[in-house]
Amino acid sequence: MSDATAPQQSNLDLDVVIIGAGVSGLYALHRIRAMGLSVKVLEAGDGVGGTWYWNRYPGCRCDVESLEYSYSFDSDLQQEWEWPERYGTQPEILRYVNHVADRHDLRRDVVFETRVTSAHFDEAARQWVIGTERGESHRARFCVMATGNLSTPRVPDVKGLENFEGKWYHTGLWPHEGVDFSGLRVGSIGTGSSGVQSIPIIAAQAAHLTVFQRTPQFSLPARNAPMDKTTEARHKAEYDDRRQAAYDTPFGIAGYPPPSQSALEVSAEEREAAYESKWAEGGSISFLYTYNDLFTSREANETACEFVRQKIRETVKDPETAEKLTPYDHPIGTKRLILDTGYFETYNRETVDLVDVRKAPIEEITAKGLRLADGSEYELDALVFATGFDAMTGALRDIEMSNGRGLTIQEKWEGGPRCYLGLAMAGFPNLFMITGPQSPSVKAQMILGAEQHTDWIVDCLTHMREHGHSRFEVTQQAEDAWVEHNNEVANRTLYPLANSWYVGANIPGKPRVFMPYVGGFDRFKRTCDEIAAKGYEGFEMGGGEAVAAE
Ligand code: NAP
C-alpha cells in the first residue's frame with residue numbers, strides 16, 4: 001500500500017516537528033494540530049503504520065488482543081471497527097492505522113519518504129534544525145521523537161553475507177510484495193517473537209527449513225481464533241470504562257485482576273491445574289498473572305518454567321530436538337514471552353531441522369549457504385534473519401543529534417540511555433520522546449502508552465503557552481533520580497537476569513542497562529500526573545516568546 005502523496009517539502013518552519021508516522025506519531029499529530037500549532041510528521045517509509053508498515057513477514061501478528069491493541073481516543077471508531085480475529089494480523093492492523101489516518105485527515109501533514117539523519121538544537125534561534133536524507137533542513141521550536149522502540153532492524157555482523165547467491169531477508173524489513181519460499185531450502189536465524197511467528201508459515205511453504213537457534217525461548221499458545229461475537233459485544237458495551245480502568249493496571253490492559261497468592265503457597269497439583277487452565281486460555285498476561293511472585297521469586301518462577309518445559313517435551317516428538325528447544329537460561333517472562341501458533345509442532349515436520357548455533361556459532365555466510373564454527377555447512381536458497389532490533393535506543397542513536405552546546409546523544413547515552421520519564425532528557429531542550437527509554441513502553445499496551453505520553457506532552461505545551469514559556473529543559477537532578485528509580489524497580493524483579501534486548505544484550509558492545517520502566521503503567525501514569533500537577537517538576541521552563549499562536 002503506497003500513500004506517498006506529499007511532495008518533497010523543503011525547509012519547513014514549524015512549531016512542532018514529529019519524527020515517525022507510527023501509532024505514536026499519528027496520534028501526536030492529531031492532538032498537537034488540534035492545539036492550533038503548525039506541525040508536520042517526517043516519515044521514512046512511504047506509508048503510515050511504523051512497526052506495522054515495516055514488519056510484513058509471514059505470520060506477523062500482535063501478541064496483545066485486538067480489542068485492546070487499538071486507539072482509545074475515538075469512541076465511535078472503537079465501536080465501529082470490527083477486528084476479525086482475537087489477535088490482529090499485520091495487514092489488519094496496518095489497514096486499521098491507515099483508516100485512522102484517513103478518518104482524521106492526518107496524511108496531509110505527513111511528509112513521506114523522508115528519513116531524518118540529523119537533529120541539532122539552535123540555541124540562539126531556539127529551534128531544532130532537522131536534516132533529512134534528501135538534504136532538506138527543517139526548523140521547529142519543538143521536536144517530538146516518535147521513532148519507536150523496535151524500529152532499527154539488526155542483521156548480525158557475520159562475514160560473507162555479500163557473497164550469498166540466494167536472497168536474504170530481515171523480518172523487520174520484509175518486501176512489500178511478499179516472498180514465495182515454495183520449493184526452496186530456507187535457513188532462518190533467530191527464535192524470538194518474529195522467528196517463532198514466521199517459522200511455522202515458512203516451514204509449510206518451503207521444501208526444507210533449517211532453523212538456526214542460539215537461545216531457546218519460552219512460548220505459549222496464542223489460541224488465536226475468529227473474533228467471538230459475544231466477547232466483542234460485551235467488550236464494546238464496556239469499552240470506555242475498560243479503557244479508563246486500563247490506566248490503573250500495570251500493563252495498561254484491564255480485565256486481569258492482580259493475583260494474590262504465591263506460587264509456593266499452593267500444592268503442586270493446584271499449581272499444575274492453574275497453569276493448565278491459563279495454557280488453555282492462551283495469552284501471556286493471564287499466564288504470568290497466575291501467581292503474584294513469578295517476577296520476583298526465582299523459585300516461584302521455576303514452577304512456571306517447568307510447566308512450559310514439560311509442554312515442549314510433550315509436543316516435540318524427537319526427544320533430542322525437544323531438549324534443544326527447552327529454555328533453561330532465563331526465568332520465564334524476563335524475555336518477552338512469546339505467543340505462537342503451532343511453533344513447537346513445526347519441529348515434528350520431516351522437512352524442518354533445528355541447529356544449535358550456541359555450541360557452534362555461525363562463522364561465515366557462503367555463496368551457497370552458511371558454515372558454522374565446527375565446520376558443518378548448510379546449503380540454502382534463501383536466508384531469513386529474525387535477529388531482532390537495536391531496541392529502545394537504536395532509532396535515536398542513528399540520528400546525528402546534538403544540543404548545540406557540544407553534547408551529542410551518542411555521548412549522553414554512552415553508558416546506556418538516561419531519560420526523565422522516558423519523555424525528555426537533561427541537556428536536550430524542547431525535545432520530547434514518546435515511549436522513550438525508562439518509560440513503560442514495551443512493558444505496557446503500546447498504543448495506550450503512546451496516548452498517555454502524547455496527552456501529557458500536549459498538556460505540557462498548553463501549560464507553556466499559558467505561562468508564556470518557549471523553552472524547557474529537564475534538570476539533571478530530576479533525570480538522575482528517575483534513572484535511579486528505574487534501576488531500583490528493575491532490580492527488585494527477575495528481569496535483569498535475562499540476556500534480553502530489554503538490557504541491550506542482543507547487541508555486542510551495547511551497555512547493559514535495563515531500559516523499560518517495570519514499576520507498572522498505573523504507577524508511572526500517576527507519577528506523570530503528579531509531576532504535571534506540581535507545575536512540571538523537574539522541568540525548567542522559561543524563554544520570552546511563548547509556544548506559538550493559536
Ligand atoms: P529478538 O527477540 O531480539 O530475537 C532475535 C533472535 O535472533 C534471538 O533468538 C537471538 O538469539 C537471535 N540472534 C541474534 N543474533 C544472532 C546471531 N548472531 N546468531 C544467532 N542468533 C542470533 O527479536 P524479534 O523476534 O524480532 O522480537 C523483538 C521484539 O519485537 C519482541 O520481543 C516483541 O516485543 C516484538 N515483537 C512482537 C511481536 C508480536 O506482537 N507478536 C512479533 C514480533 C516482534 P539470542 O536470544 O541468543 O540473542
# chains A, B, ... in the order shown; residues from 1 in each chain; ligands from 1

$ closest_atom_pairs --of "chain A" --to "ligand 1" --cutoff "7 Å" --atoms "only C-alpha atoms and all ligand atoms" --output "JSON lines"
{"residue": "A:Cys60", "atom": "CA", "partner": "ligand 1", "partner_atom_place_in_ligand_line": "42 (C)", "distance": 6.0}
{"residue": "A:Arg61", "atom": "CA", "partner": "ligand 1", "partner_atom_place_in_ligand_line": "41 (N)", "distance": 5.2}
{"residue": "A:Cys62", "atom": "CA", "partner": "ligand 1", "partner_atom_place_in_ligand_line": "40 (O)", "distance": 3.5}
{"residue": "A:Asp63", "atom": "CA", "partner": "ligand 1", "partner_atom_place_in_ligand_line": "40 (O)", "distance": 3.9}
{"residue": "A:Val64", "atom": "CA", "partner": "ligand 1", "partner_atom_place_in_ligand_line": "40 (O)", "distance": 6.6}
{"residue": "A:Leu150", "atom": "CA", "partner": "ligand 1", "partner_atom_place_in_ligand_line": "30 (O)", "distance": 6.1}
{"residue": "A:Pro156", "atom": "CA", "partner": "ligand 1", "partner_atom_place_in_ligand_line": "18 (N)", "distance": 4.9}
{"residue": "A:Asp157", "atom": "CA", "partner": "ligand 1", "partner_atom_place_in_ligand_line": "18 (N)", "distance": 7.0}
{"residue": "A:Val158", "atom": "CA", "partner": "ligand 1", "partner_atom_place_in_ligand_line": "18 (N)", "distance": 6.9}
{"residue": "A:Thr171", "atom": "CA", "partner": "ligand 1", "partner_atom_place_in_ligand_line": "26 (O)", "distance": 7.0}
{"residue": "A:Gly172", "atom": "CA", "partner": "ligand 1", "partner_atom_place_in_ligand_line": "26 (O)", "distance": 7.0}
{"residue": "A:Ile189", "atom": "CA", "partner": "ligand 1", "partner_atom_place_in_ligand_line": "21 (N)", "distance": 5.5}
{"residue": "A:Gly190", "atom": "CA", "partner": "ligand 1", "partner_atom_place_in_ligand_line": "7 (O)", "distance": 3.3}
{"residue": "A:Thr191", "atom": "CA", "partner": "ligand 1", "partner_atom_place_in_ligand_line": "9 (O)", "distance": 3.7}
{"residue": "A:Gly192", "atom": "CA", "partner": "ligand 1", "partner_atom_place_in_ligand_line": "25 (O)", "distance": 3.4}
{"residue": "A:Ser193", "atom": "CA", "partner": "ligand 1", "partner_atom_place_in_ligand_line": "25 (O)", "distance": 3.8}
{"residue": "A:Ser194", "atom": "CA", "partner": "ligand 1", "partner_atom_place_in_ligand_line": "25 (O)", "distance": 3.7}
{"residue": "A:Gly195", "atom": "CA", "partner": "ligand 1", "partner_atom_place_in_ligand_line": "25 (O)", "distance": 5.4}
{"residue": "A:Gln197", "atom": "CA", "partner": "ligand 1", "partner_atom_place_in_ligand_line": "42 (C)", "distance": 6.9}
{"residue": "A:Phe212", "atom": "CA", "partner": "ligand 1", "partner_atom_place_in_ligand_line": "20 (C)", "distance": 6.5}
{"residue": "A:Gln213", "atom": "CA", "partner": "ligand 1", "partner_atom_place_in_ligand_line": "21 (N)", "distance": 5.8}
{"residue": "A:Arg214", "atom": "CA", "partner": "ligand 1", "partner_atom_place_in_ligand_line": "47 (O)", "distance": 4.5}
{"residue": "A:Thr215", "atom": "CA", "partner": "ligand 1", "partner_atom_place_in_ligand_line": "47 (O)", "distance": 4.2}
{"residue": "A:Lys335", "atom": "CA", "partner": "ligand 1", "partner_atom_place_in_ligand_line": "32 (O)", "distance": 7.0}
{"residue": "A:Arg336", "atom": "CA", "partner": "ligand 1", "partner_atom_place_in_ligand_line": "32 (O)", "distance": 4.7}
{"residue": "A:Ile338", "atom": "CA", "partner": "ligand 1", "partner_atom_place_in_ligand_line": "41 (N)", "distance": 6.8}
{"residue": "A:Leu339", "atom": "CA", "partner": "ligand 1", "partner_atom_place_in_ligand_line": "41 (N)", "distance": 6.5}
{"residue": "A:Val357", "atom": "CA", "partner": "ligand 1", "partner_atom_place_in_ligand_line": "20 (C)", "distance": 6.2}
{"residue": "A:Pro361", "atom": "CA", "partner": "ligand 1", "partner_atom_place_in_ligand_line": "19 (N)", "distance": 6.6}
{"residue": "A:Ile362", "atom": "CA", "partner": "ligand 1", "partner_atom_place_in_ligand_line": "19 (N)", "distance": 6.3}
{"residue": "A:Ala386", "atom": "CA", "partner": "ligand 1", "partner_atom_place_in_ligand_line": "7 (O)", "distance": 5.4}
{"residue": "A:Thr387", "atom": "CA", "partner": "ligand 1", "partner_atom_place_in_ligand_line": "7 (O)", "distance": 3.3}
{"residue": "A:Gly388", "atom": "CA", "partner": "ligand 1", "partner_atom_place_in_ligand_line": "23 (O)", "distance": 3.1}
{"residue": "A:Phe389", "atom": "CA", "partner": "ligand 1", "partner_atom_place_in_ligand_line": "3 (O)", "distance": 6.0}
{"residue": "A:Val442", "atom": "CA", "partner": "ligand 1", "partner_atom_place_in_ligand_line": "34 (O)", "distance": 6.5}
{"residue": "A:Ser500", "atom": "CA", "partner": "ligand 1", "partner_atom_place_in_ligand_line": "46 (O)", "distance": 6.8}
{"residue": "A:Trp501", "atom": "CA", "partner": "ligand 1", "partner_atom_place_in_ligand_line": "3 (O)", "distance": 5.7}
{"residue": "A:Asn506", "atom": "CA", "partner": "ligand 1", "partner_atom_place_in_ligand_line": "48 (O)", "distance": 4.8}

$ select_by_dssp --residues "segment 17-107 of chain A" --states "strand (DSSP E or B)" --output "PDB file with N, CA, C and O atoms, in the first residue's frame"
ATOM      1  N   VAL A  17       7.814  19.560  15.110  1.00  0.00           N
ATOM      2  CA  VAL A  17       8.081  18.507  14.140  1.00  0.00           C
ATOM      3  C   VAL A  17       8.026  17.182  14.889  1.00  0.00           C
ATOM      4  O   VAL A  17       8.505  17.065  16.018  1.00  0.00           O
ATOM      5  N   ILE A  18       7.369  16.222  14.268  1.00  0.00           N
ATOM      6  CA  ILE A  18       7.265  14.875  14.853  1.00  0.00           C
ATOM      7  C   ILE A  18       8.033  13.942  13.928  1.00  0.00           C
ATOM      8  O   ILE A  18       7.862  14.003  12.708  1.00  0.00           O
ATOM      9  N   ILE A  19       8.857  13.091  14.508  1.00  0.00           N
ATOM     10  CA  ILE A  19       9.611  12.148  13.667  1.00  0.00           C
ATOM     11  C   ILE A  19       8.964  10.776  13.806  1.00  0.00           C
ATOM     12  O   ILE A  19       9.005  10.177  14.888  1.00  0.00           O
ATOM     13  N   VAL A  39       2.397  21.897  12.542  1.00  0.00           N
ATOM     14  CA  VAL A  39       3.067  20.641  12.854  1.00  0.00           C
ATOM     15  C   VAL A  39       3.096  19.735  11.629  1.00  0.00           C
ATOM     16  O   VAL A  39       2.131  19.697  10.852  1.00  0.00           O
ATOM     17  N   LYS A  40       4.209  19.055  11.457  1.00  0.00           N
ATOM     18  CA  LYS A  40       4.333  18.042  10.393  1.00  0.00           C
ATOM     19  C   LYS A  40       5.018  16.816  10.980  1.00  0.00           C
ATOM     20  O   LYS A  40       5.817  16.917  11.914  1.00  0.00           O
ATOM     21  N   VAL A  41       4.707  15.690  10.360  1.00  0.00           N
ATOM     22  CA  VAL A  41       5.397  14.441  10.696  1.00  0.00           C
ATOM     23  C   VAL A  41       6.356  14.113   9.558  1.00  0.00           C
ATOM     24  O   VAL A  41       5.957  14.163   8.387  1.00  0.00           O
ATOM     25  N   LEU A  42       7.573  13.766   9.894  1.00  0.00           N
ATOM     26  CA  LEU A  42       8.529  13.293   8.888  1.00  0.00           C
ATOM     27  C   LEU A  42       8.629  11.775   9.026  1.00  0.00           C
ATOM     28  O   LEU A  42       8.863  11.262  10.123  1.00  0.00           O
ATOM     29  N   ARG A  61       1.861 -10.888  13.661  1.00  0.00           N
ATOM     30  CA  ARG A  61       0.590 -10.704  14.341  1.00  0.00           C
ATOM     31  C   ARG A  61       0.902 -10.090  15.706  1.00  0.00           C
ATOM     32  O   ARG A  61       1.959 -10.345  16.275  1.00  0.00           O
ATOM     33  N   CYS A  62       0.008  -9.302  16.226  1.00  0.00           N
ATOM     34  CA  CYS A  62       0.236  -8.684  17.532  1.00  0.00           C
ATOM     35  C   CYS A  62       0.006  -9.708  18.642  1.00  0.00           C
ATOM     36  O   CYS A  62      -0.838 -10.589  18.511  1.00  0.00           O
ATOM     37  N   ASP A  63       0.772  -9.585  19.733  1.00  0.00           N
ATOM     38  CA  ASP A  63       0.568 -10.519  20.847  1.00  0.00           C
ATOM     39  C   ASP A  63      -0.330  -9.910  21.934  1.00  0.00           C
ATOM     40  O   ASP A  63      -0.464 -10.469  23.014  1.00  0.00           O
ATOM     41  N   VAL A  64      -0.910  -8.746  21.628  1.00  0.00           N
ATOM     42  CA  VAL A  64      -1.931  -8.164  22.513  1.00  0.00           C
ATOM     43  C   VAL A  64      -3.260  -8.301  21.768  1.00  0.00           C
ATOM     44  O   VAL A  64      -3.315  -8.088  20.551  1.00  0.00           O
ATOM     45  N   GLU A  65      -4.305  -8.641  22.471  1.00  0.00           N
ATOM     46  CA  GLU A  65      -5.580  -8.917  21.788  1.00  0.00           C
ATOM     47  C   GLU A  65      -6.085  -7.675  21.058  1.00  0.00           C
ATOM     48  O   GLU A  65      -5.919  -6.547  21.532  1.00  0.00           O
ATOM     49  N   GLU A  85     -10.203 -11.213  14.133  1.00  0.00           N
ATOM     50  CA  GLU A  85      -9.643 -12.305  14.951  1.00  0.00           C
ATOM     51  C   GLU A  85      -9.270 -11.814  16.344  1.00  0.00           C
ATOM     52  O   GLU A  85      -9.138 -10.612  16.575  1.00  0.00           O
ATOM     53  N   TYR A  87      -6.419 -11.958  17.800  1.00  0.00           N
ATOM     54  CA  TYR A  87      -5.173 -11.190  17.681  1.00  0.00           C
ATOM     55  C   TYR A  87      -5.086 -10.655  16.252  1.00  0.00           C
ATOM     56  O   TYR A  87      -5.276 -11.404  15.294  1.00  0.00           O
ATOM     57  N   GLY A  88      -4.757  -9.363  16.129  1.00  0.00           N
ATOM     58  CA  GLY A  88      -4.719  -8.743  14.798  1.00  0.00           C
ATOM     59  C   GLY A  88      -3.502  -9.178  14.004  1.00  0.00           C
ATOM     60  O   GLY A  88      -2.392  -9.233  14.533  1.00  0.00           O
ATOM     61  N   THR A  89      -3.705  -9.461  12.725  1.00  0.00           N
ATOM     62  CA  THR A  89      -2.565  -9.738  11.842  1.00  0.00           C
ATOM     63  C   THR A  89      -1.949  -8.398  11.436  1.00  0.00           C
ATOM     64  O   THR A  89      -2.597  -7.352  11.531  1.00  0.00           O
TER      65      THR A  89
END

$ closest_atom_pairs --of "segment 415-496 of chain A" --to "segment 516-535 of chain A" --cutoff "10 Å" --atoms "only C-alpha atoms" --output "CSV"
residue,atom,partner,partner_atom,distance
A:Leu421,CA,A:Cys528,CA,7.5
A:Gly422,CA,A:Tyr517,CA,8.6
A:Leu423,CA,A:Cys528,CA,9.7
A:Thr435,CA,A:Pro516,CA,9.1
A:Gly436,CA,A:Pro516,CA,8.3
A:Pro437,CA,A:Pro516,CA,5.6
A:Gln438,CA,A:Pro516,CA,4.8
A:Ser439,CA,A:Tyr517,CA,4.8
A:Pro440,CA,A:Tyr517,CA,4.5
A:Ser441,CA,A:Pro516,CA,6.4
A:Val442,CA,A:Pro516,CA,6.8
A:Lys443,CA,A:Val518,CA,6.8
A:Ala444,CA,A:Phe521,CA,6.4
A:Gln445,CA,A:Phe521,CA,9.0
A:Leu448,CA,A:Phe521,CA,9.7
A:Gly449,CA,A:Phe521,CA,8.0
A:Gln452,CA,A:Lys525,CA,7.6
A:His453,CA,A:Lys525,CA,8.9
A:Trp456,CA,A:Cys528,CA,7.6
A:Ile457,CA,A:Ala532,CA,10.0
A:Asp459,CA,A:Ala532,CA,8.2
A:Cys460,CA,A:Ala532,CA,7.4
A:His463,CA,A:Gly535,CA,8.4
A:Met464,CA,A:Gly535,CA,9.9
A:Trp482,CA,A:Tyr517,CA,9.9
A:Val483,CA,A:Tyr517,CA,9.4
A:His485,CA,A:Gly519,CA,9.0
A:Asn486,CA,A:Tyr517,CA,5.8
A:Asn487,CA,A:Tyr517,CA,8.3
A:Glu488,CA,A:Gly519,CA,9.3
A:Val489,CA,A:Gly519,CA,5.8
A:Ala490,CA,A:Val518,CA,6.0
A:Asn491,CA,A:Val518,CA,9.7
A:Arg492,CA,A:Gly519,CA,9.7
A:Thr493,CA,A:Val518,CA,8.6
A:Tyr495,CA,A:Val518,CA,8.9

$ residues_around --residues "Ser66 of chain A" --least-positions-apart "4" --cutoff "12 Å" --atoms "only C-alpha atoms" --output "PyMOL selection string"
chain A and resi 61-62+70-71+78+81-90+92-93+96+224-228+231-232+235+253+445+447

$ closest_residue --among "A:Gly543, A:Gly427, A:Gly342, A:Pro258" --to "Gly59 of chain A" --atoms "only C-alpha atoms"
A:Gly342

$ closest_residue --among "A:Leu106, A:Gly415, A:Arg185, A:Asn499" --to "Arg33 of chain A" --atoms "only C-alpha atoms"
A:Leu106

$ atom_distance --atom1 "atom CA of Asp455 of chain A" --atom2 "atom CA of Gly283 of chain A"
28.8 Å

$ closest_residue --among "A:Ser118, A:Asn348, A:Thr393, A:Thr296" --to "Glu314 of chain A" --atoms "only C-alpha atoms"
A:Asn348

$ closest_residue --among "A:Ala450, A:Thr303, A:Ile409, A:Pro257" --to "Glu270 of chain A" --atoms "only C-alpha atoms"
A:Thr303

$ residues_around --residues "Leu264 of chain A" --least-positions-apart "3" --cutoff "8 Å" --atoms "only C-alpha atoms" --output "MDAnalysis selection string"
chainID A and resid 267 299:300

$ residues_around --residues "Leu294 of chain A" --least-positions-apart "5" --cutoff "8 Å" --atoms "only C-alpha atoms" --output "PDB file with N, CA, C and O atoms, in the first residue's frame"
ATOM      1  N   ALA A 263       3.111 -18.641  44.222  1.00  0.00           N
ATOM      2  CA  ALA A 263       3.141 -19.978  43.603  1.00  0.00           C
ATOM      3  C   ALA A 263       3.598 -21.027  44.608  1.00  0.00           C
ATOM      4  O   ALA A 263       3.361 -22.218  44.420  1.00  0.00           O
ATOM      5  N   LEU A 288       1.230 -15.191  33.207  1.00  0.00           N
ATOM      6  CA  LEU A 288       2.205 -14.627  34.156  1.00  0.00           C
ATOM      7  C   LEU A 288       1.532 -14.047  35.398  1.00  0.00           C
ATOM      8  O   LEU A 288       2.191 -13.739  36.383  1.00  0.00           O
ATOM      9  N   TYR A 289       0.223 -13.905  35.316  1.00  0.00           N
ATOM     10  CA  TYR A 289      -0.555 -13.425  36.460  1.00  0.00           C
ATOM     11  C   TYR A 289      -1.152 -14.586  37.254  1.00  0.00           C
ATOM     12  O   TYR A 289      -2.031 -14.393  38.076  1.00  0.00           O
ATOM     13  N   ALA A 300       9.590 -19.490  42.679  1.00  0.00           N
ATOM     14  CA  ALA A 300       8.208 -19.470  42.178  1.00  0.00           C
ATOM     15  C   ALA A 300       8.211 -19.523  40.658  1.00  0.00           C
ATOM     16  O   ALA A 300       7.464 -20.283  40.029  1.00  0.00           O
ATOM     17  N   ASN A 301       9.067 -18.716  40.064  1.00  0.00           N
ATOM     18  CA  ASN A 301       9.146 -18.645  38.607  1.00  0.00           C
ATOM     19  C   ASN A 301       9.494 -20.004  38.016  1.00  0.00           C
ATOM     20  O   ASN A 301       8.964 -20.399  36.964  1.00  0.00           O
ATOM     21  N   ALA A 304       6.685 -22.238  36.981  1.00  0.00           N
ATOM     22  CA  ALA A 304       6.050 -21.927  35.691  1.00  0.00           C
ATOM     23  C   ALA A 304       6.946 -22.364  34.545  1.00  0.00           C
ATOM     24  O   ALA A 304       6.474 -22.885  33.523  1.00  0.00           O
TER      25      ALA A 304
END

$ residues_around --residues "segment 374-383 of chain A" --least-positions-apart "2" --cutoff "8 Å" --atoms "only C-alpha atoms" --output "mmCIF file with C-alpha atoms, in the first residue's frame"
data_model
loop_
_atom_site.group_PDB
_atom_site.id
_atom_site.type_symbol
_atom_site.label_atom_id
_atom_site.label_comp_id
_atom_site.auth_asym_id
_atom_site.auth_seq_id
_atom_site.Cartn_x
_atom_site.Cartn_y
_atom_site.Cartn_z
ATOM 1 C CA GLU A 165 23.893 -16.158 -4.045
ATOM 2 C CA GLY A 166 20.347 -16.647 -2.756
ATOM 3 C CA LYS A 167 18.044 -13.955 -1.462
ATOM 4 C CA TRP A 168 18.101 -12.874 2.159
ATOM 5 C CA TYR A 169 15.531 -11.011 4.243
ATOM 6 C CA PHE A 181 9.524 -19.832 -0.489
ATOM 7 C CA LEU A 184 13.341 -23.579 -1.663
ATOM 8 C CA ARG A 185 15.769 -24.667 1.018
ATOM 9 C CA VAL A 186 15.414 -21.907 3.568
ATOM 10 C CA GLY A 187 17.538 -21.045 6.592
ATOM 11 C CA SER A 188 16.056 -18.987 9.406
ATOM 12 C CA ILE A 189 18.239 -17.395 12.080
ATOM 13 C CA ALA A 360 28.960 -23.775 17.133
ATOM 14 C CA LYS A 368 25.749 -21.453 -1.239
ATOM 15 C CA GLY A 369 24.610 -21.151 2.373
ATOM 16 C CA LEU A 370 26.392 -20.916 5.668
ATOM 17 C CA ARG A 371 29.141 -22.538 7.663
ATOM 18 C CA LEU A 372 29.347 -22.967 11.433
ATOM 19 C CA PHE A 385 17.182 -13.039 9.627
#

$ residues_around --residues "Arg139 of chain A" --least-positions-apart "4" --cutoff "7 Å" --atoms "only C-alpha atoms" --output "list in words"
Asn11, Leu12, Asp13, Leu14, Gln127, Trp128, Val129 and Ile130 of chain A

$ write_last_selection --atoms "N, CA and C atoms" --output "compact mmCIF listing (two decimals), in the first residue's frame"
# COMPACT_ATOMS: atom_id res chain seq x y z
N ASN A 11 12.71 22.81 3.74
CA ASN A 11 12.89 23.87 4.71
C ASN A 11 11.61 24.38 5.36
N LEU A 12 10.94 23.48 6.01
CA LEU A 12 9.73 23.86 6.75
C LEU A 12 10.13 24.66 7.99
N ASP A 13 9.25 25.55 8.40
CA ASP A 13 9.46 26.30 9.64
C ASP A 13 8.20 26.09 10.48
N LEU A 14 8.35 25.31 11.53
CA LEU A 14 7.16 24.80 12.24
C LEU A 14 7.21 25.11 13.72
N GLN A 127 15.43 26.75 18.22
CA GLN A 127 14.74 25.85 17.28
C GLN A 127 15.55 24.57 17.08
N TRP A 128 14.85 23.49 16.83
CA TRP A 128 15.51 22.28 16.37
C TRP A 128 15.68 22.38 14.85
N VAL A 129 16.86 22.01 14.39
CA VAL A 129 17.13 22.02 12.95
C VAL A 129 17.25 20.56 12.54
N ILE A 130 16.34 20.15 11.69
CA ILE A 130 16.23 18.72 11.36
C ILE A 130 16.70 18.49 9.92

$ select_by_dssp --residues "segment 384-502 of chain A" --states "helix (DSSP H, G or I)" --output "ChimeraX atom specification"
/A:394-397,409-412,441-443,446-466,476-491,495-497,501-502

$ closest_residue --among "A:Ala206, A:Ala424, A:Leu77, A:Ala124" --to "Thr351 of chain A" --atoms "only C-alpha atoms"
A:Ala206

$ closest_residue --among "A:Ser219, A:Gln410, A:Thr290, A:Ser72" --to "Glu345 of chain A" --atoms "only C-alpha atoms"
A:Ser219
